[in-house]
Every structure is written in C-alpha cells, then in structure tokens.
file model03.pdb (PDB, C-alpha atoms)
ATOM      1  CA  MET A   1      92.749  84.924 128.484
ATOM      2  CA  ALA A   2      94.149  88.455 128.672
ATOM      3  CA  LYS A   3      94.994  88.425 124.961
ATOM      4  CA  ASN A   4      91.442  87.425 124.093
ATOM      5  CA  LEU A   5      90.035  90.182 126.261
ATOM      6  CA  ALA A   6      92.376  92.745 124.699
ATOM      7  CA  LEU A   7      91.293  91.613 121.241
ATOM      8  CA  ILE A   8      87.633  91.919 122.200
ATOM      9  CA  TRP A   9      88.165  95.478 123.482
ATOM     10  CA  LYS A  10      89.950  96.406 120.248
ATOM     11  CA  GLU A  11      87.071  95.045 118.202
ATOM     12  CA  VAL A  12      84.569  96.962 120.355
ATOM     13  CA  PHE A  13      86.592 100.135 119.768
ATOM     14  CA  TYR A  14      86.649  99.505 116.012
ATOM     15  CA  PHE A  15      82.896  98.897 116.012
ATOM     16  CA  PHE A  16      82.202 102.175 117.815
ATOM     17  CA  SER A  17      84.632 103.998 115.517
ATOM     18  CA  TRP A  18      82.886 102.779 112.382
ATOM     19  CA  ALA A  19      79.442 103.400 113.856
ATOM     20  CA  LEU A  20      80.446 106.965 114.693
ATOM     21  CA  ILE A  21      81.895 107.591 111.227
ATOM     22  CA  ILE A  22      78.822 106.198 109.499
ATOM     23  CA  ALA A  23      76.448 108.160 111.731
ATOM     24  CA  LEU A  24      78.344 111.388 111.135
ATOM     25  CA  LEU A  25      78.381 110.847 107.380
ATOM     26  CA  LEU A  26      74.661 110.110 107.350
ATOM     27  CA  GLU A  27      74.020 113.289 109.322
ATOM     28  CA  LEU A  28      76.177 115.233 106.906
ATOM     29  CA  PHE A  29      74.252 114.113 103.820
ATOM     30  CA  TRP A  30      70.771 113.691 105.341
ATOM     31  CA  PRO A  31      70.331 116.031 108.304
ATOM     32  CA  LYS A  32      68.372 114.721 111.295
ATOM     33  CA  ILE A  33      68.194 111.145 109.996
ATOM     34  CA  ILE A  34      70.067 109.815 113.056
ATOM     35  CA  LEU A  35      69.586 112.591 115.600
ATOM     36  CA  VAL A  36      65.812 112.168 115.603
ATOM     37  CA  TYR A  37      66.161 108.661 117.018
ATOM     38  CA  PHE A  38      69.530 108.546 118.756
ATOM     39  CA  ASN A  39      71.761 110.994 120.609
ATOM     40  CA  LEU A  40      75.281 110.735 119.205
ATOM     41  CA  ASN A  41      76.743 111.867 122.525
ATOM     42  CA  TYR A  42      76.085 108.390 123.928
ATOM     43  CA  LEU A  43      78.010 106.823 121.064
ATOM     44  CA  VAL A  44      80.916 109.213 121.569
ATOM     45  CA  ILE A  45      81.000 108.411 125.295
ATOM     46  CA  LEU A  46      81.055 104.666 124.607
ATOM     47  CA  TRP A  47      83.797 105.197 122.012
ATOM     48  CA  LEU A  48      85.915 107.172 124.499
ATOM     49  CA  VAL A  49      85.398 104.626 127.276
ATOM     50  CA  SER A  50      86.476 101.770 125.023
ATOM     51  CA  ALA A  51      89.550 103.770 123.933
ATOM     52  CA  LEU A  52      90.491 104.502 127.544
ATOM     53  CA  ILE A  53      90.125 100.841 128.494
ATOM     54  CA  ILE A  54      92.462  99.842 125.679
ATOM     55  CA  LEU A  55      95.006 102.458 126.712
ATOM     56  CA  PHE A  56      94.957 101.494 130.393
ATOM     57  CA  LYS A  57      95.179  97.780 129.587
ATOM     58  CA  LYS A  58      98.300  98.371 127.464
ATOM     59  CA  GLN A  59     100.091 100.083 130.331
ATOM     60  CA  HIS A  60      99.814  97.085 132.654
TER      61      HIS A  60
END

call {"tool": "encode", "arguments": {"input": "model03.pdb", "output": "structure tokens"}}
result
Amino acid sequence: MAKNLALIWKEVFYFFSWALIIALLLELFWPKIILVYFNLNYLVILWLVSALIILFKKQH
C-alpha cells in the first residue's frame, strides 16, 4: 500500500512539474494567455507541497 501511495505522489509531482513548464512556456511565447485565467502561484504552491510530501515520505 505504501509503495502505491509513493508512486501516486511521484506521478502527482510529475504532473505539476509538466503543467508548470508548459504554463511558463506559454506565458513566454504568448504573454497573458494563462495569467488572465489562472494564477500560477497556486500551481507553484501545489508543486512545492507535492515535492515536500515526497521528500518527507522518503525519510521514514
């Protein structure tokens, strides 16, 4: 069960990583295409939380 949960958290982290990269690239080429509808700070916070969960789960 713990391995499955660790795998799920890794996949969530990868999803947020790719979403952040794609959003930043879209903003680079077409300014205000994402920021008009969505605040990227929320995505960064979710990305950091998922990274911290992975790190704390590895220590135990």

call {"tool": "closest_residue", "arguments": {"input": "model03.pdb", "among": "A:Leu24, A:Phe13, A:Lys58, A:Trp18", "to": "Asn41 in chain A", "atoms": "all atoms listed in the file"}}
result
A:Leu24

call {"tool": "closest_residue", "arguments": {"input": "model03.pdb", "among": "A:Lys57, A:Leu52, A:Phe29, A:Val44", "to": "Ser17 in chain A", "atoms": "all atoms listed in the file"}}
result
A:Val44

call {"tool": "resolve_selection", "arguments": {"input": "model03.pdb", "expression": "the PyMOL selection byres ((chain A and resi 54) around 12)", "output": "PDB file with C-alpha atoms, in the frame of the given file"}}
result
ATOM      1  CA  ALA A   2      94.149  88.455 128.672  1.00  0.00           C
ATOM      2  CA  LYS A   3      94.994  88.425 124.961  1.00  0.00           C
ATOM      3  CA  LEU A   5      90.035  90.182 126.261  1.00  0.00           C
ATOM      4  CA  ALA A   6      92.376  92.745 124.699  1.00  0.00           C
ATOM      5  CA  LEU A   7      91.293  91.613 121.241  1.00  0.00           C
ATOM      6  CA  ILE A   8      87.633  91.919 122.200  1.00  0.00           C
ATOM      7  CA  TRP A   9      88.165  95.478 123.482  1.00  0.00           C
ATOM      8  CA  LYS A  10      89.950  96.406 120.248  1.00  0.00           C
ATOM      9  CA  GLU A  11      87.071  95.045 118.202  1.00  0.00           C
ATOM     10  CA  VAL A  12      84.569  96.962 120.355  1.00  0.00           C
ATOM     11  CA  PHE A  13      86.592 100.135 119.768  1.00  0.00           C
ATOM     12  CA  TYR A  14      86.649  99.505 116.012  1.00  0.00           C
ATOM     13  CA  TRP A  47      83.797 105.197 122.012  1.00  0.00           C
ATOM     14  CA  LEU A  48      85.915 107.172 124.499  1.00  0.00           C
ATOM     15  CA  VAL A  49      85.398 104.626 127.276  1.00  0.00           C
ATOM     16  CA  SER A  50      86.476 101.770 125.023  1.00  0.00           C
ATOM     17  CA  ALA A  51      89.550 103.770 123.933  1.00  0.00           C
ATOM     18  CA  LEU A  52      90.491 104.502 127.544  1.00  0.00           C
ATOM     19  CA  ILE A  53      90.125 100.841 128.494  1.00  0.00           C
ATOM     20  CA  LEU A  55      95.006 102.458 126.712  1.00  0.00           C
ATOM     21  CA  PHE A  56      94.957 101.494 130.393  1.00  0.00           C
ATOM     22  CA  LYS A  57      95.179  97.780 129.587  1.00  0.00           C
ATOM     23  CA  LYS A  58      98.300  98.371 127.464  1.00  0.00           C
ATOM     24  CA  GLN A  59     100.091 100.083 130.331  1.00  0.00           C
ATOM     25  CA  HIS A  60      99.814  97.085 132.654  1.00  0.00           C
TER      26      HIS A  60
END

call {"tool": "atom_distance", "arguments": {"input": "model03.pdb", "atom1": "CA of Leu25 in chain A", "atom2": "CA of Tyr37 in chain A"}}
result
15.7 Å

call {"tool": "atom_distance", "arguments": {"input": "model03.pdb", "atom1": "CA of Leu35 in chain A", "atom2": "CA of Ala23 in chain A"}}
result
9.0 Å

call {"tool": "atom_distance", "arguments": {"input": "model03.pdb", "atom1": "CA of Met1 in chain A", "atom2": "CA of Leu46 in chain A"}}
result
23.3 Å
